[in-house]
file upload-v1.txt (compact mmCIF, C-alpha atoms and all ligand atoms)
# COMPACT_ATOMS: atom_id res chain seq x y z
CA MET A 378 -162.44 150.48 -25.60
CA PRO A 379 -161.56 153.86 -24.06
CA THR A 380 -164.05 156.59 -24.76
CA ARG A 381 -162.88 159.63 -26.65
CA ARG A 382 -163.11 161.67 -23.44
CA ASN A 383 -160.86 159.19 -21.56
CA ALA A 384 -158.36 159.19 -24.39
CA VAL A 385 -158.14 162.98 -24.23
CA SER A 386 -157.58 163.00 -20.49
CA LEU A 387 -154.97 160.27 -20.86
CA LEU A 388 -153.19 162.41 -23.42
CA MET A 389 -153.41 165.44 -21.09
CA GLY A 390 -151.96 163.32 -18.31
CA CYS A 391 -148.98 162.34 -20.46
CA LEU A 392 -148.37 165.94 -21.41
CA ALA A 393 -148.56 166.93 -17.75
CA LEU A 394 -146.03 164.26 -16.83
CA ALA A 395 -143.74 165.58 -19.50
CA GLY A 396 -144.24 169.07 -18.05
CA LEU A 397 -145.49 170.37 -21.39
CA SER A 398 -148.94 171.82 -21.05
CA LEU A 399 -149.58 172.58 -17.40
CA PRO A 400 -150.18 176.17 -16.43
CA VAL A 401 -147.56 177.47 -13.96
CA SER A 402 -150.11 177.73 -11.15
CA ALA A 403 -150.76 174.00 -11.18
CA GLN A 404 -147.10 173.05 -10.73
CA ALA A 405 -145.49 172.64 -7.34
CA PRO A 406 -144.28 176.08 -6.20
CA GLU A 407 -140.67 176.67 -7.01
CA LYS A 408 -138.43 176.45 -3.96
CA LEU A 409 -136.33 179.36 -2.79
CA LYS A 410 -132.75 178.59 -3.80
CA VAL A 411 -130.31 179.31 -1.00
CA VAL A 412 -126.55 178.77 -1.06
CA THR A 413 -124.62 178.51 2.20
CA THR A 414 -120.87 178.47 2.48
CA PHE A 415 -120.39 175.59 4.94
CA SER A 416 -122.24 172.66 6.47
CA ILE A 417 -123.16 174.19 9.85
CA LEU A 418 -124.92 177.09 8.11
CA GLY A 419 -126.52 174.62 5.71
CA ASP A 420 -128.21 172.88 8.63
CA LEU A 421 -129.36 176.14 10.25
CA VAL A 422 -130.90 177.32 6.96
CA ARG A 423 -132.69 173.97 6.48
CA GLN A 424 -134.09 174.17 10.01
CA VAL A 425 -135.58 177.61 9.32
CA GLY A 426 -136.35 177.20 5.63
CA GLY A 427 -137.97 173.78 5.86
CA ASP A 428 -139.51 172.52 2.62
CA ARG A 429 -139.91 175.99 1.07
CA THR A 430 -136.16 176.15 0.45
CA GLU A 431 -133.62 174.23 -1.59
CA VAL A 432 -130.27 174.57 0.18
CA ALA A 433 -126.87 174.00 -1.41
CA THR A 434 -123.70 174.01 0.68
CA LEU A 435 -120.32 174.81 -0.84
CA VAL A 436 -117.94 173.33 1.77
CA GLY A 437 -119.49 170.02 2.78
CA PRO A 438 -119.25 167.77 5.86
CA ASN A 439 -115.77 167.59 7.43
CA GLY A 440 -114.55 170.24 4.97
CA ASP A 441 -112.35 173.15 5.99
CA ALA A 442 -113.89 176.49 5.00
CA HIS A 443 -110.80 178.46 6.14
CA VAL A 444 -108.94 177.16 3.14
CA TYR A 445 -111.12 176.29 0.19
CA SER A 446 -110.79 176.55 -3.56
CA PRO A 447 -114.20 177.15 -5.12
CA SER A 448 -115.04 175.21 -8.29
CA PRO A 449 -116.83 176.47 -11.42
CA ALA A 450 -119.90 174.53 -10.18
CA ASP A 451 -119.87 176.66 -7.00
CA GLY A 452 -120.00 179.78 -9.16
CA ARG A 453 -123.02 178.39 -11.04
CA ARG A 454 -124.79 177.62 -7.75
CA LEU A 455 -124.29 181.23 -6.70
CA THR A 456 -125.61 182.49 -10.02
CA GLU A 457 -128.84 180.49 -9.58
CA ALA A 458 -129.32 181.40 -5.90
CA LYS A 459 -131.79 183.95 -4.57
CA VAL A 460 -130.06 184.11 -1.18
CA VAL A 461 -126.42 183.46 -0.23
CA VAL A 462 -125.73 182.95 3.48
CA THR A 463 -122.17 183.33 4.73
CA ASN A 464 -120.75 183.30 8.24
CA GLY A 465 -118.96 186.62 7.95
CA LEU A 466 -116.16 187.70 10.34
CA LYS A 467 -113.81 186.89 7.43
CA PHE A 468 -114.26 183.14 7.91
CA GLU A 469 -114.66 182.53 4.17
CA GLY A 470 -111.72 184.44 2.74
CA TRP A 471 -112.59 183.17 -0.76
CA ILE A 472 -116.26 184.20 -0.91
CA ASP A 473 -116.01 187.82 -2.06
CA ARG A 474 -114.11 186.89 -5.20
CA LEU A 475 -116.52 184.03 -5.92
CA VAL A 476 -119.55 186.32 -5.53
CA LYS A 477 -118.00 188.84 -7.88
CA SER A 478 -116.98 186.34 -10.55
CA SER A 479 -120.37 184.58 -10.47
CA GLY A 480 -122.23 187.83 -11.12
CA THR A 481 -124.95 186.60 -8.75
CA GLN A 482 -127.90 188.88 -8.02
CA ALA A 483 -128.70 186.99 -4.80
CA ALA A 484 -129.23 188.75 -1.50
CA LEU A 485 -126.01 188.35 0.53
CA VAL A 486 -126.50 187.67 4.21
CA GLU A 487 -123.90 187.40 6.96
CA ALA A 488 -125.31 185.06 9.59
CA ALA A 489 -123.05 186.46 12.32
CA LYS A 490 -124.18 190.03 11.71
CA GLY A 491 -124.99 191.93 14.88
CA LEU A 492 -123.37 189.63 17.43
CA LYS A 493 -120.46 190.66 19.58
CA PRO A 494 -117.34 189.04 18.08
CA LEU A 495 -114.27 187.98 20.02
CA LYS A 496 -110.96 189.42 18.90
CA GLY A 497 -109.01 187.18 16.55
CA GLU A 498 -105.86 187.09 18.55
CA ASP A 499 -105.81 185.21 21.82
CA GLU A 500 -104.42 188.07 23.85
CA GLU A 501 -103.84 186.12 27.02
CA HIS A 502 -101.71 183.48 25.35
CA GLY A 503 -100.37 185.53 22.48
CA HIS A 504 -99.83 182.89 19.83
CA GLY A 505 -98.17 185.49 17.68
CA HIS A 506 -100.00 184.47 14.53
CA ALA A 507 -101.06 187.28 12.29
CA HIS A 508 -104.81 186.79 12.56
CA ALA A 509 -105.90 190.37 12.84
CA GLY A 510 -109.62 191.06 13.15
CA PHE A 511 -112.14 188.76 14.73
CA ASP A 512 -112.41 185.11 15.66
CA PRO A 513 -114.89 183.69 13.11
CA HIS A 514 -116.07 180.59 15.06
CA ALA A 515 -119.04 182.42 16.63
CA TRP A 516 -121.44 179.48 16.11
CA GLN A 517 -119.70 177.61 18.92
CA SER A 518 -121.77 179.66 21.38
CA ILE A 519 -125.44 178.64 21.28
CA ALA A 520 -126.51 182.21 22.11
CA ASN A 521 -124.71 183.27 18.93
CA ALA A 522 -126.35 180.48 16.93
CA LYS A 523 -129.66 182.05 17.95
CA VAL A 524 -128.48 185.32 16.38
CA TYR A 525 -127.64 183.34 13.22
CA VAL A 526 -131.14 181.85 13.18
CA GLY A 527 -132.75 185.29 13.51
CA ASN A 528 -130.68 186.67 10.64
CA ILE A 529 -131.47 183.64 8.47
CA ARG A 530 -135.20 183.91 9.22
CA ASP A 531 -135.24 187.62 8.31
CA ALA A 532 -133.30 186.99 5.09
CA LEU A 533 -135.66 184.20 3.98
CA ILE A 534 -138.70 186.38 4.68
CA ALA A 535 -137.16 189.25 2.72
CA ALA A 536 -136.62 186.95 -0.27
CA ASP A 537 -139.91 185.01 0.00
CA ALA A 538 -142.57 187.07 1.77
CA ALA A 539 -145.23 184.40 1.13
CA GLY A 540 -143.30 182.09 3.47
CA LYS A 541 -143.20 184.53 6.38
CA ALA A 542 -145.49 182.54 8.70
CA ALA A 543 -143.69 179.27 7.94
CA TYR A 544 -140.21 180.73 8.48
CA GLU A 545 -141.30 182.36 11.75
CA ALA A 546 -142.86 179.16 13.04
CA ASN A 547 -139.81 177.06 12.07
CA ALA A 548 -137.44 179.57 13.66
CA ASP A 549 -139.48 179.75 16.88
CA SER A 550 -139.53 176.01 17.31
CA TYR A 551 -135.82 175.68 16.51
CA LEU A 552 -134.90 178.50 18.92
CA LYS A 553 -136.70 176.57 21.66
CA GLN A 554 -134.60 173.51 20.84
CA LEU A 555 -131.47 175.66 21.07
CA ASP A 556 -132.54 176.91 24.51
CA ALA A 557 -132.93 173.33 25.68
CA LEU A 558 -129.54 172.44 24.19
CA GLU A 559 -127.90 175.32 26.01
CA GLN A 560 -129.33 174.13 29.34
CA GLU A 561 -127.96 170.66 28.61
CA VAL A 562 -124.48 172.04 27.84
CA LYS A 563 -124.45 174.18 30.99
CA GLY A 564 -125.54 171.19 33.07
CA LEU A 565 -122.68 169.06 31.76
CA VAL A 566 -120.10 171.81 32.28
CA ALA A 567 -121.33 172.23 35.86
CA GLN A 568 -120.45 168.58 36.54
CA ILE A 569 -116.81 169.09 35.56
CA PRO A 570 -114.63 170.02 38.56
CA ALA A 571 -113.77 173.73 38.18
CA ASP A 572 -110.01 173.15 38.26
CA ARG A 573 -110.23 170.72 35.33
CA ARG A 574 -112.05 173.01 32.90
CA ARG A 575 -109.12 173.41 30.55
CA ILE A 576 -108.96 171.85 27.11
CA ILE A 577 -106.24 171.56 24.48
CA THR A 578 -107.35 171.49 20.83
CA SER A 579 -105.22 171.73 17.74
CA HIS A 580 -106.64 174.92 16.21
CA ASP A 581 -108.31 177.68 18.16
CA ALA A 582 -111.96 177.04 17.27
CA PHE A 583 -113.68 176.88 20.65
CA ARG A 584 -113.06 180.26 22.23
CA TYR A 585 -116.74 181.29 21.92
CA PHE A 586 -117.70 178.00 23.53
CA GLY A 587 -115.18 178.60 26.31
CA ASP A 588 -116.28 182.19 26.78
CA ALA A 589 -119.97 181.24 27.00
CA TYR A 590 -119.71 178.16 29.22
CA GLY A 591 -116.63 178.72 31.35
CA ILE A 592 -114.05 176.37 29.88
CA GLU A 593 -110.56 177.49 28.93
CA PHE A 594 -109.31 176.35 25.52
CA VAL A 595 -105.65 176.39 24.55
CA SER A 596 -104.31 175.65 21.04
CA PRO A 597 -100.88 175.64 19.48
CA GLN A 598 -102.40 176.81 16.19
CA GLY A 599 -104.29 180.10 15.84
CA VAL A 600 -107.89 180.75 14.86
CA SER A 601 -107.34 179.62 11.28
CA THR A 602 -105.98 176.37 9.91
CA ASP A 603 -103.95 178.15 7.24
CA ALA A 604 -100.86 178.71 9.41
CA GLU A 605 -98.76 176.00 11.04
CA ALA A 606 -98.19 176.06 14.75
CA SER A 607 -94.73 177.40 15.61
CA ALA A 608 -92.24 175.17 17.43
CA LYS A 609 -92.30 177.66 20.27
CA ASP A 610 -96.09 177.42 20.65
CA VAL A 611 -95.97 173.63 20.59
CA ALA A 612 -93.20 173.53 23.21
CA LYS A 613 -95.18 175.89 25.40
CA ILE A 614 -98.30 173.73 25.23
CA ILE A 615 -96.29 170.61 26.02
CA ARG A 616 -94.88 172.30 29.14
CA GLN A 617 -98.35 173.42 30.16
CA ILE A 618 -99.85 169.93 29.75
CA LYS A 619 -97.08 168.43 31.91
CA ARG A 620 -97.24 171.17 34.53
CA GLU A 621 -101.01 171.05 34.89
CA ALA A 622 -101.29 167.27 34.42
CA ILE A 623 -103.84 167.75 31.61
CA LYS A 624 -105.18 164.33 30.70
CA ALA A 625 -106.58 164.73 27.21
CA VAL A 626 -106.07 166.68 24.02
CA PHE A 627 -108.54 166.95 21.15
CA VAL A 628 -108.35 167.03 17.38
CA GLU A 629 -111.08 168.78 15.38
CA ASN A 630 -112.55 167.13 12.32
CA VAL A 631 -111.05 169.79 10.04
CA SER A 632 -107.51 169.59 11.47
CA ASP A 633 -104.52 167.42 10.71
CA SER A 634 -104.11 165.02 13.64
CA ARG A 635 -100.32 164.70 13.47
CA LEU A 636 -99.55 167.67 15.69
CA MET A 637 -101.74 166.40 18.53
CA GLU A 638 -100.37 162.89 18.08
CA ARG A 639 -96.92 164.30 18.74
CA VAL A 640 -98.13 166.30 21.75
CA SER A 641 -99.84 163.19 23.07
CA LYS A 642 -96.69 161.11 22.68
CA GLU A 643 -94.51 163.66 24.45
CA THR A 644 -96.86 164.32 27.35
CA GLY A 645 -98.77 161.09 27.89
CA ALA A 646 -102.06 163.01 27.50
CA ARG A 647 -104.43 160.85 25.52
CA ILE A 648 -106.26 161.99 22.42
CA GLY A 649 -109.95 162.38 23.21
CA GLN A 650 -112.86 161.69 20.87
CA ARG A 651 -112.80 163.61 17.61
CA VAL A 652 -114.65 166.90 18.05
CA TYR A 653 -116.44 168.97 15.42
CA SER A 654 -115.47 172.61 15.17
CA ASP A 655 -115.89 174.14 11.71
CA ALA A 656 -117.97 171.51 9.91
CA LEU A 657 -120.57 168.86 10.60
CA SER A 658 -119.91 165.16 10.17
CA ASP A 659 -121.70 163.38 7.36
CA GLU A 660 -125.29 162.36 8.07
CA LYS A 661 -124.39 159.00 9.56
CA GLY A 662 -121.72 160.49 11.83
CA PRO A 663 -122.17 161.79 15.38
CA ALA A 664 -122.51 165.44 14.34
CA GLY A 665 -124.84 165.50 11.35
CA THR A 666 -126.70 168.58 12.59
CA TYR A 667 -125.71 171.64 14.62
CA ILE A 668 -127.54 170.37 17.68
CA ASP A 669 -125.95 166.92 17.42
CA MET A 670 -122.54 168.54 16.95
CA MET A 671 -122.81 170.68 20.08
CA ARG A 672 -124.11 167.73 22.09
CA HIS A 673 -121.35 165.43 20.83
CA ASN A 674 -118.62 167.96 21.65
CA ILE A 675 -119.71 168.73 25.20
CA ARG A 676 -120.08 165.02 25.92
CA ALA A 677 -116.59 164.36 24.55
CA PHE A 678 -115.11 167.17 26.64
CA SER A 679 -117.00 166.31 29.77
CA SER A 680 -116.21 162.61 29.68
CA ALA A 681 -112.49 163.34 29.22
CA LEU A 682 -112.38 165.98 31.95
CA SER A 683 -114.60 164.31 34.51
CA SER A 684 -112.94 160.88 34.53
ZN ZN A 701 -111.57 177.10 12.39
call {"tool": "encode", "arguments": {"input": "upload-v1.txt", "output": "structure tokens"}}
result
Amino acid sequence: MPTRRNAVSLLMGCLALAGLSLPVSAQAPEKLKVVTTFSILGDLVRQVGGDRTEVATLVGPNGDAHVYSPSPADGRRLTEAKVVVTNGLKFEGWIDRLVKSSGTQAALVEAAKGLKPLKGEDEEHGHGHAHAGFDPHAWQSIANAKVYVGNIRDALIAADAAGKAAYEANADSYLKQLDALEQEVKGLVAQIPADRRRIITSHDAFRYFGDAYGIEFVSPQGVSTDAEASAKDVAKIIRQIKREAIKAVFVENVSDSRLMERVSKETGARIGQRVYSDALSDEKGPAGTYIDMMRHNIRAFSSALSS
């Protein structure tokens, strides 16, 4: 027979399980709700935020954030968020309207704030697309990703001062991993013969990577995926591949592969491993985190260019 005392504590336990009678202080602390616009940012925020944060990502793995139609559920996520992290540099052309319509009171943070952006138009090659402004793919340079991490850390601290020490410690350890990653990338680039450091991709997403590590990237499509490559640009790339005997072309995970299939057929250049430009792969894929993505890409480029 249970004593009266035991019966009372059993009852209290049931109430606690049902979340009815516990004082707020005894419950697990509520996590800081953060919304990020795309998967690469989602990973960076998780690295810095750790288990103090609950991160939602609007454009998921393999999704194209250049062209995206937000859903009503996205608006609700924004409304509930305390912090919204965007890339900035006009990458997410749809975000301003979504922020406005959601009425969110969240702190809005541009992860790319403060870094030195590249101009949107590839001046040397002059694709002729009307992408005024800046190239948004700044995360493709690891030095820039470190700027993102600093901005994310500061934003999380501003929204959740009690987590300051945790956010700083997480950021410090992740920044060290990024330093090691950058050394790895530079080491692999150094092994590629200098006259082979030229890469064809379908949309122009790797110019920060090229600028930072000394590889030239050429694309028939501009810095967004919203415009089709012109026949003239495609013809020009085909001539260049033949003239320079370029062996491989690459398709990004967010791009339609048909254009590069055609280029491959006309030039004999083979299509290299799929590379990840604007989105991570899903968790089981080769690019489930930012670090895995950067490592996968440089290995894909280096194995195609070195062989
Ligand atoms: Zn892109």
call {"tool": "residues_around", "arguments": {"input": "upload-v1.txt", "residues": "Val562 (chain A)", "least_positions_apart": "2", "cutoff": "8 Å", "atoms": "only C-alpha atoms", "output": "ChimeraX atom specification"}}
result
/A:558-560,564-566,590,672,675
call {"tool": "write_last_selection", "arguments": {"input": "upload-v1.txt", "atoms": "C-alpha atoms", "output": "CSV table (one decimal), in the frame of the given file"}}
result
chain,number,residue,atom,x,y,z
A,558,LEU,CA,-129.5,172.4,24.2
A,559,GLU,CA,-127.9,175.3,26.0
A,560,GLN,CA,-129.3,174.1,29.3
A,564,GLY,CA,-125.5,171.2,33.1
A,565,LEU,CA,-122.7,169.1,31.8
A,566,VAL,CA,-120.1,171.8,32.3
A,590,TYR,CA,-119.7,178.2,29.2
A,672,ARG,CA,-124.1,167.7,22.1
A,675,ILE,CA,-119.7,168.7,25.2
call {"tool": "closest_atom_pairs", "arguments": {"input": "upload-v1.txt", "of": "region 510-607 of chain A", "to": "region 647-651 of chain A", "cutoff": "12 Å", "atoms": "only C-alpha atoms", "output": "tab-separated table"}}
result
residue	atom	partner	partner_atom	distance
A:Ile576	CA	A:Gly649	CA	10.3
A:Ile577	CA	A:Ile648	CA	9.8
A:Thr578	CA	A:Ile648	CA	9.7
A:Ser579	CA	A:Ile648	CA	10.9
call {"tool": "write_last_selection", "arguments": {"input": "upload-v1.txt", "atoms": "C-alpha atoms", "output": "short mmCIF file (atom, residue, chain, number, x, y, z; two decimals), in the frame of the given file"}}
result
data_model
loop_
_atom_site.label_atom_id
_atom_site.label_comp_id
_atom_site.auth_asym_id
_atom_site.auth_seq_id
_atom_site.Cartn_x
_atom_site.Cartn_y
_atom_site.Cartn_z
CA ILE A 576 -108.96 171.85 27.11
CA ILE A 577 -106.24 171.56 24.48
CA THR A 578 -107.35 171.49 20.83
CA SER A 579 -105.22 171.73 17.74
#
call {"tool": "atom_distance", "arguments": {"input": "upload-v1.txt", "atom1": "CA of Ala646 (chain A)", "atom2": "CA of Asn439 (chain A)"}}
result
24.7 Å
call {"tool": "closest_residue", "arguments": {"input": "upload-v1.txt", "among": "A:Pro597, A:Gly426, A:Pro513, A:Gly480", "to": "ligand ZN 701 (chain A)", "atoms": "all atoms listed in the file"}}
result
A:Pro513
call {"tool": "closest_residue", "arguments": {"input": "upload-v1.txt", "among": "A:Asn521, A:Gly491, A:Gln568, A:Ile618", "to": "Ser684 (chain A)", "atoms": "all atoms listed in the file"}}
result
A:Gln568
call {"tool": "closest_residue", "arguments": {"input": "upload-v1.txt", "among": "A:Met637, A:Ile519, A:Leu552, A:Leu466", "to": "ligand ZN 701 (chain A)", "atoms": "only C-alpha atoms and all ligand atoms"}}
result
A:Leu466
call {"tool": "residues_around", "arguments": {"input": "upload-v1.txt", "residues": "Ala539 (chain A)", "least_positions_apart": "3", "cutoff": "12 Å", "atoms": "only C-alpha atoms", "output": "ChimeraX atom specification"}}
result
/A:406,408-409,429,533-536,542-545
call {"tool": "write_last_selection", "arguments": {"input": "upload-v1.txt", "atoms": "C-alpha atoms", "output": "PDB file, keeping the file's coordinate frame"}}
result
ATOM      1  CA  PRO A 406    -144.280 176.080  -6.200  1.00  0.00           C
ATOM      2  CA  LYS A 408    -138.430 176.450  -3.960  1.00  0.00           C
ATOM      3  CA  LEU A 409    -136.330 179.360  -2.790  1.00  0.00           C
ATOM      4  CA  ARG A 429    -139.910 175.990   1.070  1.00  0.00           C
ATOM      5  CA  LEU A 533    -135.660 184.200   3.980  1.00  0.00           C
ATOM      6  CA  ILE A 534    -138.700 186.380   4.680  1.00  0.00           C
ATOM      7  CA  ALA A 535    -137.160 189.250   2.720  1.00  0.00           C
ATOM      8  CA  ALA A 536    -136.620 186.950  -0.270  1.00  0.00           C
ATOM      9  CA  ALA A 542    -145.490 182.540   8.700  1.00  0.00           C
ATOM     10  CA  ALA A 543    -143.690 179.270   7.940  1.00  0.00           C
ATOM     11  CA  TYR A 544    -140.210 180.730   8.480  1.00  0.00           C
ATOM     12  CA  GLU A 545    -141.300 182.360  11.750  1.00  0.00           C
TER      13      GLU A 545
END
call {"tool": "atom_distance", "arguments": {"input": "upload-v1.txt", "atom1": "CA of Phe586 (chain A)", "atom2": "CA of Ser634 (chain A)"}}
result
21.2 Å
call {"tool": "atom_distance", "arguments": {"input": "upload-v1.txt", "atom1": "CA of Met671 (chain A)", "atom2": "CA of Leu421 (chain A)"}}
result
13.0 Å
call {"tool": "residues_near_ligand", "arguments": {"input": "upload-v1.txt", "ligand": "ligand ZN 701 (chain A)", "cutoff": "6 Å", "atoms": "only C-alpha atoms and all ligand atoms", "output": "PyMOL selection string"}}
result
chain A and resi 582+600-601+655
call {"tool": "residues_around", "arguments": {"input": "upload-v1.txt", "residues": "Leu495 (chain A)", "least_positions_apart": "3", "cutoff": "8 Å", "atoms": "all atoms listed in the file", "output": "list in words"}}
result
Phe511, Asp512 and Tyr585 of chain A
call {"tool": "residues_around", "arguments": {"input": "upload-v1.txt", "residues": "Asp531 (chain A)", "least_positions_apart": "3", "cutoff": "12 Å", "atoms": "all atoms listed in the file", "output": "MDAnalysis selection string"}}
result
chainID A and resid 422 425:426 460 462 484 486:488 490 524:528 534:538 540:545 548
call {"tool": "write_last_selection", "arguments": {"input": "upload-v1.txt", "atoms": "C-alpha atoms", "output": "PDB file, keeping the file's coordinate frame"}}
result
ATOM      1  CA  VAL A 422    -130.900 177.320   6.960  1.00  0.00           C
ATOM      2  CA  VAL A 425    -135.580 177.610   9.320  1.00  0.00           C
ATOM      3  CA  GLY A 426    -136.350 177.200   5.630  1.00  0.00           C
ATOM      4  CA  VAL A 460    -130.060 184.110  -1.180  1.00  0.00           C
ATOM      5  CA  VAL A 462    -125.730 182.950   3.480  1.00  0.00           C
ATOM      6  CA  ALA A 484    -129.230 188.750  -1.500  1.00  0.00           C
ATOM      7  CA  VAL A 486    -126.500 187.670   4.210  1.00  0.00           C
ATOM      8  CA  GLU A 487    -123.900 187.400   6.960  1.00  0.00           C
ATOM      9  CA  ALA A 488    -125.310 185.060   9.590  1.00  0.00           C
ATOM     10  CA  LYS A 490    -124.180 190.030  11.710  1.00  0.00           C
ATOM     11  CA  VAL A 524    -128.480 185.320  16.380  1.00  0.00           C
ATOM     12  CA  TYR A 525    -127.640 183.340  13.220  1.00  0.00           C
ATOM     13  CA  VAL A 526    -131.140 181.850  13.180  1.00  0.00           C
ATOM     14  CA  GLY A 527    -132.750 185.290  13.510  1.00  0.00           C
ATOM     15  CA  ASN A 528    -130.680 186.670  10.640  1.00  0.00           C
ATOM     16  CA  ILE A 534    -138.700 186.380   4.680  1.00  0.00           C
ATOM     17  CA  ALA A 535    -137.160 189.250   2.720  1.00  0.00           C
ATOM     18  CA  ALA A 536    -136.620 186.950  -0.270  1.00  0.00           C
ATOM     19  CA  ASP A 537    -139.910 185.010   0.000  1.00  0.00           C
ATOM     20  CA  ALA A 538    -142.570 187.070   1.770  1.00  0.00           C
ATOM     21  CA  GLY A 540    -143.300 182.090   3.470  1.00  0.00           C
ATOM     22  CA  LYS A 541    -143.200 184.530   6.380  1.00  0.00           C
ATOM     23  CA  ALA A 542    -145.490 182.540   8.700  1.00  0.00           C
ATOM     24  CA  ALA A 543    -143.690 179.270   7.940  1.00  0.00           C
ATOM     25  CA  TYR A 544    -140.210 180.730   8.480  1.00  0.00           C
ATOM     26  CA  GLU A 545    -141.300 182.360  11.750  1.00  0.00           C
ATOM     27  CA  ALA A 548    -137.440 179.570  13.660  1.00  0.00           C
TER      28      ALA A 548
END
call {"tool": "residues_around", "arguments": {"input": "upload-v1.txt", "residues": "Arg474 (chain A)", "least_positions_apart": "4", "cutoff": "12 Å", "atoms": "all atoms listed in the file", "output": "ChimeraX atom specification"}}
result
/A:446-447,451-452,455,469-470,478-481
call {"tool": "closest_residue", "arguments": {"input": "upload-v1.txt", "among": "A:Glu561, A:Asp588, A:Asp473, A:Asp610", "to": "Arg575 (chain A)", "atoms": "only C-alpha atoms"}}
result
A:Asp588
call {"tool": "closest_residue", "arguments": {"input": "upload-v1.txt", "among": "A:Lys496, A:Lys523, A:Lys477, A:Lys467", "to": "Lys553 (chain A)", "atoms": "only C-alpha atoms"}}
result
A:Lys523
call {"tool": "closest_residue", "arguments": {"input": "upload-v1.txt", "among": "A:Ile592, A:Ala489, A:Val476, A:Ala483", "to": "Leu418 (chain A)", "atoms": "all atoms listed in the file"}}
result
A:Ala489
call {"tool": "closest_atom_pairs", "arguments": {"input": "upload-v1.txt", "of": "region 415-511 of chain A", "to": "region 628-631 of chain A", "cutoff": "12 Å", "atoms": "only C-alpha atoms", "output": "CSV"}}
result
residue,atom,partner,partner_atom,distance
A:Val436,CA,A:Val631,CA,11.3
A:Gly437,CA,A:Val631,CA,11.1
A:Pro438,CA,A:Asn630,CA,9.3
A:Asn439,CA,A:Val631,CA,5.8
A:Gly440,CA,A:Val631,CA,6.2
A:Asp441,CA,A:Val631,CA,5.4
A:Ala442,CA,A:Val631,CA,8.9
A:His443,CA,A:Val631,CA,9.5
A:Val444,CA,A:Val631,CA,10.3
A:Tyr445,CA,A:Val631,CA,11.8
call {"tool": "write_last_selection", "arguments": {"input": "upload-v1.txt", "atoms": "C-alpha atoms", "output": "PDB file, keeping the file's coordinate frame"}}
result
ATOM      1  CA  VAL A 436    -117.940 173.330   1.770  1.00  0.00           C
ATOM      2  CA  GLY A 437    -119.490 170.020   2.780  1.00  0.00           C
ATOM      3  CA  PRO A 438    -119.250 167.770   5.860  1.00  0.00           C
ATOM      4  CA  ASN A 439    -115.770 167.590   7.430  1.00  0.00           C
ATOM      5  CA  GLY A 440    -114.550 170.240   4.970  1.00  0.00           C
ATOM      6  CA  ASP A 441    -112.350 173.150   5.990  1.00  0.00           C
ATOM      7  CA  ALA A 442    -113.890 176.490   5.000  1.00  0.00           C
ATOM      8  CA  HIS A 443    -110.800 178.460   6.140  1.00  0.00           C
ATOM      9  CA  VAL A 444    -108.940 177.160   3.140  1.00  0.00           C
ATOM     10  CA  TYR A 445    -111.120 176.290   0.190  1.00  0.00           C
TER      11      TYR A 445
END
